[in-house]
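Visitor: Pasting in a structure now, in structure tokens, and then I'll have a few things to ask.
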Amino acid sequence: MSCAITEKCVGCFSCIEVCPKRAIREQDRIFTISAKRCNECKGHTVGPRCIQICPVEGAIYYEPGHPE
């Protein structure tokens, strides 16, 4: 998994709604991405759907092919 939600997140929930793997969770207004579930939307889109839908640039960190 090479996606992570940063402190720039505004808590709009858009990423949760589009994640096909249900890898994004929210608890007490803090959003996290499960490394075990996230597959960077391989086979679904050009890149991670969460980044495509996010209204805040830099709120989701993504480095393709860089496992954590």
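Ordered as shown in the structure tokens, chains take letters A, B, and onward, while each chain numbers its residues from 1 and ligands are numbered from 1 in the order shown.
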Residues at most 7 Å from Cys3 of chain A, counting only C-alpha atoms, excluding those fewer than 6 positions away in the same chain, as a list in words?

Guide: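 Once the nearby chain positions are removed, what remains is Ile60, Tyr61, Tyr62 and Glu63 of chain A.
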
Visitor: Mind checking which residues fall within 12 Å of Cys54 of chain A, counting only C-alpha atoms, ignoring those fewer than 5 positions away in the same chain, and posting them as a PyMOL selection string?

Guide: chain A and resi 5-6+8-19+48-49+59-61

Visitor: Record the distance separating atom CA of Lys21 of chain A and atom CA of Pro55 of chain A, expressed in Å with one decimal.

Guide: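 These two atoms are separated by 20.4 Å.
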
Visitor: Restricting the calculation to only C-alpha atoms: of A:Asp28, A:Val46, A:Pro20, A:Glu7, which residue gets closest to Pro64 of chain A?

Guide: A:Val46

Visitor: If DSSP is run on the backbone, what residues of chain A are helix (DSSP H, G or I)? A reply as a list in words would be ideal.

Guide: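 Result set for chain A (helix (DSSP H, G or I)): Ser14, Cys15, Ile16, Glu17, Val18, Arg49, Cys50, Ile51, Gln52 and Ile53 of chain A.
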
Visitor: Can I get the selected residues back with C-alpha atoms, as a compact mmCIF listing (two decimals), in the first residue's frame?

Guide:
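Okay, out04.txt is ready:
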```txt
# COMPACT_ATOMS: atom_id res chain seq x y z
CA SER A 14 -15.59 11.44 -0.50
CA CYS A 15 -12.72 8.95 -0.43
CA ILE A 16 -14.65 6.49 1.74
CA GLU A 17 -17.56 6.51 -0.70
CA VAL A 18 -15.44 5.67 -3.77
CA ARG A 49 -10.02 6.62 -6.84
CA CYS A 50 -9.58 8.36 -3.50
CA ILE A 51 -7.04 10.76 -5.00
CA GLN A 52 -9.19 11.39 -8.07
CA ILE A 53 -12.22 12.36 -5.95
```

Visitor: Taking the backbone alone, and naming residues the way the document does, which bits of chain A are strand (DSSP E or B) by DSSP, as a compact mmCIF listing (two decimals) with N, CA and C atoms, in the first residue's frame?

Guide:
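Produced file out14.txt, reproduced below:
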```txt
# COMPACT_ATOMS: atom_id res chain seq x y z
N CYS A 3 -0.65 4.50 -0.35
CA CYS A 3 -1.51 5.66 -0.15
C CYS A 3 -1.64 5.92 1.34
N ALA A 4 -1.68 7.19 1.70
CA ALA A 4 -1.87 7.57 3.10
C ALA A 4 -2.58 8.91 3.15
N ILE A 5 -3.45 9.09 4.10
CA ILE A 5 -4.17 10.34 4.26
C ILE A 5 -3.35 11.25 5.17
N ILE A 24 -10.61 2.57 3.50
CA ILE A 24 -10.52 3.83 4.22
C ILE A 24 -11.51 3.84 5.38
N ARG A 25 -11.01 4.22 6.53
CA ARG A 25 -11.82 4.25 7.75
C ARG A 25 -11.73 5.64 8.39
N GLU A 26 -12.79 5.98 9.12
CA GLU A 26 -12.82 7.23 9.86
C GLU A 26 -13.17 6.93 11.31
N GLN A 27 -12.40 7.49 12.21
CA GLN A 27 -12.70 7.37 13.63
C GLN A 27 -12.33 8.69 14.29
N ILE A 30 -10.63 11.29 12.13
CA ILE A 30 -9.31 10.96 11.61
C ILE A 30 -9.48 9.83 10.61
N PHE A 31 -8.98 10.04 9.40
CA PHE A 31 -9.14 9.08 8.33
C PHE A 31 -7.83 8.31 8.13
N THR A 32 -7.94 7.01 7.93
CA THR A 32 -6.78 6.17 7.70
C THR A 32 -7.06 5.20 6.55
N ILE A 33 -6.00 4.73 5.92
CA ILE A 33 -6.11 3.75 4.85
C ILE A 33 -5.45 2.46 5.31
N ILE A 60 -4.10 13.26 0.21
CA ILE A 60 -3.80 11.83 0.15
C ILE A 60 -2.44 11.67 -0.52
N TYR A 61 -1.52 11.11 0.23
CA TYR A 61 -0.16 10.86 -0.26
C TYR A 61 -0.17 9.59 -1.09
N TYR A 62 0.48 9.64 -2.24
CA TYR A 62 0.53 8.47 -3.12
C TYR A 62 1.87 8.42 -3.83
```
